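*Asks:* Below: one structure in structure tokens.
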Amino acid sequence: MKKSGAEILIECLKREGVKHVFGYPGGVVLNIFDVLYDEKDVQLILTRHEQAAIHAADGYARASGKAGVAIVTSGPGATNTVTGIATASMDSIPLVVFSGQVPTLLIGNDAFQEADIVGITRPCTKHNFLVKDVKDLAQTVREAFHIATTGRPGPVLIDLPKDVTAGSAEFVWPEEVKIRGYNPTYHGNKYMITQAAQMIAHAKKPVIMAGGGVVLSGAAKELRDLAEHAKIPVTMTLMGLGGFPGSSKLSLGMLGMHGTYYANTAVQNSDLLIGIGVRFDDRVTGRTEAFAPHAKIIQIDIDPTSIRKNVRADLPIVGDVKNVLKDLQKALKELKEQQWGAVRNAWLKQIELWKEERPLSYSFDKNVIKPEFVVEKIYEVTKGEAIICTEVGQNQMWAAQFYKYDHPRRWLSSGGLGTMGYGFPAAIGAQFACPDKVVFDIAGDGSIQMNIQELATAVINKLPVKVAILNNGYLGMVRQWQELFFKERYSHTHLDTGNPDFVKVAEAYGAVGLRATKPEEVEPVIRESLKIKNKPVFLDFVVDWKEKVYPMVPAGASIDEMIFEEKEEKKEKKLKAVK
Amino acid sequence: MRHTISVLVENKFGVLSRVSGLFSGRGYNIESLSVGETIDPATSVMTIVTTGEDLVVEQITKQLNKLIDVIKVVDFMEIDHVEREMVLVKVSPRKDDRTEVLQLAEIFRGRIVDSGPTTYTIEITGDEGKINAFIELIKPFGIKEFVRTGKVAIGREGLKKAK
Ligand SMILES: Cc1ncc(C[n+]2csc(CCOP(=O)(O)OP(=O)(O)O)c2C)c(N)n1
Ligand SMILES: [Mg+2]
């Protein structure tokens, strides 16, 4: 029996186990939307912007571990996805994006709503396809899901000309996929692993640096086993949060530009740094020549290009993090000498001292709401069990610092691209993936306005997503840089007078809007929002606009050249020195 | 350092742009690039000559390998190999220089593939050293047009150069 291209496509989605697709219709995808009209097993969720459809699919993927799927039309529909795809690409998130395309015969003619989306997304997808013949469709979809979800995951785009979805063919589901140019290395080299075990056993001051790869490979348990067995403190990159329990004694929290004093200090003093699923982004390393100057570096990653890209690696191990950690743990247990415990105690004690010396902190004020206080309260009230999405800016950093993530896939933030407007649609996607979880978007007043139209999507779908707007009336993070490095010349970062009344905006969409202007209102407002189970809630926290994110490593400085909130004069001096 | 890298790719639409886009997007140099089908029409070989520090070239080969349509990457730096390039030179020597030009072509085992009333078109094949030497010698006679194919390379059997 022959099926239409559109039917084949939906059949493929079912075989891939897809339940939710985010999308937006248009001329050349009408055939697909028509099939979806009667479809029971695959639900299309209409967003209000294609960018949001991709972020929602991305949030769905990060929260569930499955590929996120989106369908959009050609031309503007397709180009609107680019920011979303680039966001997923930078953070290695598995997505399969279907874009409509003008009929094959018109491609290249500047037809109505034609865009060369395969060309445009080539550098920001893991791979992309243009299907030219309906007979190739099932095979292509199968390959796309395979590529997106295996190895180092990433977004894959399939461009579907209208005649391909309108055409018909026998449906043949390829049981197996084999792509000769695509063979990720899943198991680490045995010899390297025993070497790594030796290095760990002999290290006096080791630190583990865990990244997004730990979360993506599902290796949180293996990491914990290793860290606890070998008594190694763990710091996480922004993407690695939740890959190791933030409330563990061994946790150093986040490192890097806004990392903790003790994480950055430990890395700079370590004699062995074990990078696991990290790519040593510049926001983490600061000035690379001064990064971890006394350490030998072991780097474990599934992607060989991540190794030695930014930072030296004394011992590289290419493989899936989960497998490598399992093997490493075995190798460690086979070692004869197991007395490293005694050696480590001194190091762990030193770290405790650093933690006491400068914990993450802020000055509470009883008259004005400190944004950190809001995050802390959300942590307390949700008992650390919520899924936290973020926008970008100060809100993102405070959400990273003051909420402790004990489980993977509860922290959804645009790390690599730093996309404002990511958090809210991602929260919608996450809520679809995890209907029983409390989902918060910790937002800025600037970022939330980049996809605020998604209130409609959340209301229509009765999603109890909570958006905590840390409303400082500014593009706060940019303002912070202007204050510190541009003589307080706040060029085009003031939003306040143009900001809408967020409570009213929420209400206009049929959502709930709450506001807190004093510290004592913060907790009640959060509790109130948790009572609302079938509607999105905007929580407008009017916070201290002067608050800055600390510690901070100025751009181009080494990560132990941190500046802190207190001691104003000293800070100024340090800044000058760095400049 | 200059490296000659051979890339076996799927002969699919867009592959060339994936590879060239990789180089431009990441700021790698391409000195020359030549592409042709292999015996199996489903695959092509691209021979790319690039320059860069060791770490950069290491990244280049890894990034190439990461492309789904790339089947195999060989950096000939580590391998004993034969390199060839072909140039076509159209020269218009003065009348009394014509014999000398012909002799020069012969010395370099070139072939005259076309001749006009005042021109010869010479085909020369060889490695870089030979081609450059020929160009230097032929220049004074007046080059009208000049094209080169870019290098192709193939490994030698049996011998492996130590790294
Ligand atoms: C799409 C996009 N445009 C610009 C930026 C640059 N940028 C980074 S943070 C920031 C300010 C964000 O303001 P807001 O959402 O209010 O967050 P706050 O820092 O005040 O918490 C800007 C403009 C960005 N990251 N993303
Ligand atoms: Mg703001």
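Scheme for the structure tokens: letters A, B, ... for chains in order shown; per-chain residue numbers from 1; ligand numbers from 1 in order shown.
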Let me have all residues with an atom within 10 Å of ligand 2, counting only C-alpha atoms and all ligand atoms, laid out as a PyMOL selection string.

*Replies:* chain A and resi 392-395+443-448+469-479+493-496+543+545

*Asks:* DSSP on the backbone: which residues in chain B end up as helix (DSSP H, G or I)? Give the answer as a ChimeraX atom specification.

*Replies:* /B:15-25,54-66,76-78,95-107,128-141

*Asks:* Just to be explicit: take each residue in the selection above, keep N, CA and C atoms, and write the result as a compact mmCIF listing (two decimals), in the first residue's frame.

*Replies:*
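Saved file out.txt follows:
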```
# COMPACT_ATOMS: atom_id res chain seq x y z
N VAL B 15 28.36 18.42 -0.35
CA VAL B 15 29.53 18.00 0.41
C VAL B 15 30.67 19.01 0.30
N LEU B 16 30.87 19.50 -0.92
CA LEU B 16 31.95 20.45 -1.13
C LEU B 16 31.73 21.68 -0.24
N SER B 17 30.47 22.09 -0.16
CA SER B 17 30.22 23.28 0.64
C SER B 17 30.34 22.99 2.14
N ARG B 18 30.04 21.76 2.56
CA ARG B 18 30.29 21.41 3.96
C ARG B 18 31.77 21.53 4.28
N VAL B 19 32.59 21.01 3.37
CA VAL B 19 34.03 21.02 3.63
C VAL B 19 34.59 22.44 3.54
N SER B 20 34.23 23.15 2.48
CA SER B 20 34.79 24.49 2.34
C SER B 20 34.23 25.40 3.44
N GLY B 21 32.96 25.18 3.80
CA GLY B 21 32.36 25.97 4.88
C GLY B 21 33.06 25.73 6.21
N LEU B 22 33.50 24.50 6.42
CA LEU B 22 34.26 24.19 7.64
C LEU B 22 35.53 25.03 7.69
N PHE B 23 36.22 25.09 6.56
CA PHE B 23 37.47 25.85 6.52
C PHE B 23 37.22 27.34 6.72
N SER B 24 36.21 27.89 6.02
CA SER B 24 36.00 29.33 6.15
C SER B 24 35.43 29.66 7.51
N GLY B 25 34.48 28.84 7.98
CA GLY B 25 33.82 29.12 9.27
C GLY B 25 34.79 29.09 10.44
N ASP B 54 50.68 22.65 14.22
CA ASP B 54 50.29 21.26 14.40
C ASP B 54 48.91 21.12 15.04
N LEU B 55 48.66 21.92 16.08
CA LEU B 55 47.37 21.81 16.78
C LEU B 55 46.22 22.18 15.87
N VAL B 56 46.45 23.15 15.00
CA VAL B 56 45.39 23.57 14.08
C VAL B 56 45.11 22.47 13.07
N VAL B 57 46.18 21.89 12.54
CA VAL B 57 45.98 20.83 11.55
C VAL B 57 45.33 19.61 12.20
N GLU B 58 45.69 19.36 13.45
CA GLU B 58 45.03 18.27 14.19
C GLU B 58 43.52 18.55 14.26
N GLN B 59 43.16 19.79 14.58
CA GLN B 59 41.75 20.16 14.62
C GLN B 59 41.11 20.00 13.24
N ILE B 60 41.82 20.42 12.21
CA ILE B 60 41.25 20.33 10.85
C ILE B 60 40.90 18.88 10.52
N THR B 61 41.84 17.97 10.78
CA THR B 61 41.54 16.58 10.42
C THR B 61 40.41 16.03 11.29
N LYS B 62 40.38 16.43 12.56
CA LYS B 62 39.31 15.94 13.43
C LYS B 62 37.96 16.52 13.01
N GLN B 63 37.96 17.80 12.69
CA GLN B 63 36.71 18.43 12.27
C GLN B 63 36.22 17.82 10.96
N LEU B 64 37.14 17.52 10.06
CA LEU B 64 36.73 16.89 8.80
C LEU B 64 36.11 15.53 9.08
N ASN B 65 36.78 14.76 9.95
CA ASN B 65 36.27 13.44 10.30
C ASN B 65 34.88 13.50 10.90
N LYS B 66 34.60 14.60 11.56
CA LYS B 66 33.32 14.74 12.25
C LYS B 66 32.17 14.93 11.27
N PHE B 76 48.81 13.44 4.79
CA PHE B 76 50.00 12.82 4.19
C PHE B 76 51.30 13.23 4.88
N MET B 77 51.21 14.16 5.80
CA MET B 77 52.39 14.53 6.56
C MET B 77 53.03 13.32 7.20
N GLU B 78 52.18 12.39 7.62
CA GLU B 78 52.69 11.24 8.37
C GLU B 78 52.97 10.06 7.45
N LYS B 95 59.89 35.49 -31.52
CA LYS B 95 60.20 34.49 -32.54
C LYS B 95 61.50 33.73 -32.25
N ASP B 96 62.54 34.46 -31.88
CA ASP B 96 63.84 33.80 -31.70
C ASP B 96 63.90 32.99 -30.40
N ASP B 97 62.87 33.13 -29.55
CA ASP B 97 62.86 32.35 -28.30
C ASP B 97 62.09 31.04 -28.42
N ARG B 98 61.41 30.88 -29.56
CA ARG B 98 60.49 29.75 -29.65
C ARG B 98 61.18 28.40 -29.43
N THR B 99 62.32 28.20 -30.02
CA THR B 99 63.01 26.91 -29.85
C THR B 99 63.40 26.70 -28.40
N GLU B 100 63.85 27.76 -27.79
CA GLU B 100 64.27 27.62 -26.40
C GLU B 100 63.10 27.18 -25.51
N VAL B 101 61.94 27.77 -25.79
CA VAL B 101 60.74 27.40 -25.02
C VAL B 101 60.43 25.92 -25.24
N LEU B 102 60.54 25.49 -26.49
CA LEU B 102 60.26 24.08 -26.76
C LEU B 102 61.25 23.17 -26.03
N GLN B 103 62.49 23.59 -26.00
CA GLN B 103 63.50 22.79 -25.30
C GLN B 103 63.21 22.71 -23.81
N LEU B 104 62.85 23.87 -23.30
CA LEU B 104 62.53 23.93 -21.86
C LEU B 104 61.38 22.97 -21.53
N ALA B 105 60.36 23.02 -22.36
CA ALA B 105 59.23 22.12 -22.16
C ALA B 105 59.69 20.67 -22.18
N GLU B 106 60.59 20.38 -23.09
CA GLU B 106 61.06 19.01 -23.22
C GLU B 106 61.84 18.56 -22.00
N ILE B 107 62.72 19.47 -21.53
CA ILE B 107 63.52 19.15 -20.35
C ILE B 107 62.61 18.78 -19.18
N GLU B 128 55.55 19.74 -6.61
CA GLU B 128 55.61 21.18 -6.45
C GLU B 128 56.95 21.77 -6.91
N GLY B 129 58.04 21.08 -6.52
CA GLY B 129 59.37 21.59 -6.85
C GLY B 129 59.54 21.74 -8.36
N LYS B 130 59.14 20.72 -9.06
CA LYS B 130 59.31 20.73 -10.50
C LYS B 130 58.47 21.84 -11.13
N ILE B 131 57.24 21.92 -10.68
CA ILE B 131 56.33 22.91 -11.27
C ILE B 131 56.86 24.32 -11.02
N ASN B 132 57.28 24.56 -9.79
CA ASN B 132 57.77 25.90 -9.48
C ASN B 132 59.03 26.24 -10.27
N ALA B 133 59.89 25.25 -10.42
CA ALA B 133 61.12 25.49 -11.19
C ALA B 133 60.76 25.84 -12.63
N PHE B 134 59.84 25.09 -13.18
CA PHE B 134 59.44 25.35 -14.56
C PHE B 134 58.87 26.77 -14.71
N ILE B 135 58.01 27.13 -13.77
CA ILE B 135 57.37 28.46 -13.86
C ILE B 135 58.44 29.56 -13.84
N GLU B 136 59.41 29.38 -12.92
CA GLU B 136 60.46 30.40 -12.83
C GLU B 136 61.19 30.55 -14.16
N LEU B 137 61.46 29.40 -14.79
CA LEU B 137 62.25 29.44 -16.02
C LEU B 137 61.45 29.95 -17.22
N ILE B 138 60.16 29.69 -17.19
CA ILE B 138 59.35 30.04 -18.37
C ILE B 138 58.89 31.50 -18.31
N LYS B 139 58.83 32.02 -17.11
CA LYS B 139 58.32 33.39 -16.90
C LYS B 139 58.92 34.44 -17.86
N PRO B 140 60.25 34.47 -17.96
CA PRO B 140 60.84 35.53 -18.79
C PRO B 140 60.38 35.49 -20.25
N PHE B 141 59.84 34.35 -20.68
CA PHE B 141 59.42 34.27 -22.09
C PHE B 141 58.02 34.84 -22.31
```

*Asks:* Show which residues sit within 9 Å of A:Phe402, as a list in words. Count only C-alpha atoms, and ignore same-chain residues fewer than 6 positions away.

*Replies:*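 Everything that qualifies: Leu360, Ser361, Glu372, Phe373, Val375, Glu376 and Tyr379 of chain A.
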
*Asks:* Create the file for the chosen residues now, containing N, CA and C atoms and written as a PDB file, in the first residue's frame.

*Replies:*
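Heads up, here's the output in out-v2.pdb:
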```pdb
ATOM      1  N   LEU A 360      29.486  31.550  48.522  1.00  0.00           N
ATOM      2  CA  LEU A 360      28.637  32.376  47.656  1.00  0.00           C
ATOM      3  C   LEU A 360      27.768  33.215  48.565  1.00  0.00           C
ATOM      4  N   SER A 361      27.693  34.501  48.317  1.00  0.00           N
ATOM      5  CA  SER A 361      26.899  35.294  49.250  1.00  0.00           C
ATOM      6  C   SER A 361      26.359  36.540  48.578  1.00  0.00           C
ATOM      7  N   GLU A 372      19.045  37.369  44.237  1.00  0.00           N
ATOM      8  CA  GLU A 372      19.574  36.091  44.742  1.00  0.00           C
ATOM      9  C   GLU A 372      18.608  35.480  45.756  1.00  0.00           C
ATOM     10  N   PHE A 373      18.001  36.374  46.541  1.00  0.00           N
ATOM     11  CA  PHE A 373      17.051  35.945  47.563  1.00  0.00           C
ATOM     12  C   PHE A 373      15.861  35.231  46.912  1.00  0.00           C
ATOM     13  N   VAL A 375      15.863  33.557  44.082  1.00  0.00           N
ATOM     14  CA  VAL A 375      16.293  32.227  43.630  1.00  0.00           C
ATOM     15  C   VAL A 375      16.398  31.280  44.826  1.00  0.00           C
ATOM     16  N   GLU A 376      16.979  31.789  45.894  1.00  0.00           N
ATOM     17  CA  GLU A 376      17.118  30.979  47.100  1.00  0.00           C
ATOM     18  C   GLU A 376      15.758  30.508  47.612  1.00  0.00           C
ATOM     19  N   TYR A 379      14.344  27.839  45.520  1.00  0.00           N
ATOM     20  CA  TYR A 379      15.018  26.587  45.876  1.00  0.00           C
ATOM     21  C   TYR A 379      14.397  25.979  47.118  1.00  0.00           C
TER      22      TYR A 379
END
```

*Asks:* Could you tell me how far atom CA of B:Val45 sits from atom CA of B:Gly110, in Å to one decimal place?

*Replies:*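 Straight-line distance from atom CA of B:Gly110 to atom CA of B:Val45 works out to 25.9 Å.
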
*Asks:* Under the rule that only C-alpha atoms are counted, which of A:Pro25, A:Gly277, A:Pro435, A:Pro524 is the nearest residue to A:Pro76?

*Replies:*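 When distances to A:Pro76 are compared using only C-alpha atoms, the smallest one comes from A:Pro25.
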
*Asks:* Residues of chain B that approach chain A to 6 Å or less, counting only C-alpha atoms: could you list each one with the shortest pair of atoms and its distance in Å to one decimal, rows by chain and increasing residue number, as CSV?

*Replies:*
```
residue,atom,partner,partner_atom,distance
B:Lys62,CA,A:Thr305,CA,5.6
B:Ile68,CA,A:Gly181,CA,5.3
B:Asp69,CA,A:Gly181,CA,5.6
B:Val70,CA,A:Gly181,CA,5.3
B:Ile71,CA,A:Gly181,CA,4.1
```

*Asks:* Write to file, as a compact mmCIF listing (two decimals), in the first residue's frame, the residues of the selection just made, with all heavy atoms.

*Replies:*
```txt
# COMPACT_ATOMS: atom_id res chain seq x y z
N LYS B 62 40.38 16.43 12.56
CA LYS B 62 39.31 15.94 13.43
C LYS B 62 37.96 16.52 13.01
O LYS B 62 36.94 15.83 12.99
CB LYS B 62 39.62 16.28 14.90
CG LYS B 62 40.81 15.47 15.43
CD LYS B 62 40.86 15.41 16.94
CE LYS B 62 41.37 16.63 17.61
NZ LYS B 62 41.72 16.40 19.04
N ILE B 68 29.54 14.14 8.71
CA ILE B 68 28.90 12.85 8.48
C ILE B 68 29.24 12.30 7.09
O ILE B 68 29.42 11.10 6.91
CB ILE B 68 27.36 12.98 8.62
CG1 ILE B 68 26.98 13.69 9.91
CG2 ILE B 68 26.67 11.64 8.46
CD1 ILE B 68 27.09 12.93 11.17
N ASP B 69 29.36 13.18 6.11
CA ASP B 69 29.61 12.73 4.75
C ASP B 69 31.08 12.43 4.47
O ASP B 69 31.44 12.05 3.36
CB ASP B 69 29.12 13.78 3.74
CG ASP B 69 27.60 13.77 3.63
OD1 ASP B 69 26.98 12.74 3.97
OD2 ASP B 69 27.03 14.80 3.20
N VAL B 70 31.92 12.62 5.46
CA VAL B 70 33.33 12.31 5.28
C VAL B 70 33.59 10.88 5.74
O VAL B 70 33.25 10.50 6.86
CB VAL B 70 34.23 13.30 6.05
CG1 VAL B 70 35.66 12.80 6.12
CG2 VAL B 70 34.16 14.67 5.38
N ILE B 71 34.18 10.09 4.85
CA ILE B 71 34.39 8.68 5.16
C ILE B 71 35.78 8.45 5.74
O ILE B 71 35.97 7.67 6.66
CB ILE B 71 34.18 7.81 3.90
CG1 ILE B 71 32.77 8.07 3.34
CG2 ILE B 71 34.38 6.33 4.20
CD1 ILE B 71 32.59 7.60 1.92
```

*Asks:* Please list as a PyMOL selection string every residue within 12 Å of B:Lys90, counting only C-alpha atoms and excluding residues in the same chain fewer than 3 positions away.

*Replies:* chain B and resi 87+93+101+105+111-116+118-124+135+138-139+141-148

*Asks:* Out of A:Met552, A:Leu250, A:Leu328, A:Val134, which residue has the shortest atom-to-atom distance to A:Glu170 when counting only C-alpha atoms?

*Replies:*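 Between A:Met552, A:Leu250, A:Leu328, A:Val134, the residue approaching A:Glu170 most closely is A:Val134.
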
*Asks:* Return the single residue from A:Pro316, A:Gly84, A:Pro153, A:Gly213 that is closest to ligand 1, with distances computed using only C-alpha atoms and all ligand atoms.

*Replies:*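 Of A:Pro316, A:Gly84, A:Pro153, A:Gly213, the one nearest ligand 1, counting only C-alpha atoms and all ligand atoms, is A:Gly84.
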
*Asks:* Have a look at atom CA of B:Ile5 and atom CA of B:Gly36 and let me know their distance in Å, one decimal.

*Replies:* 14.2 Å
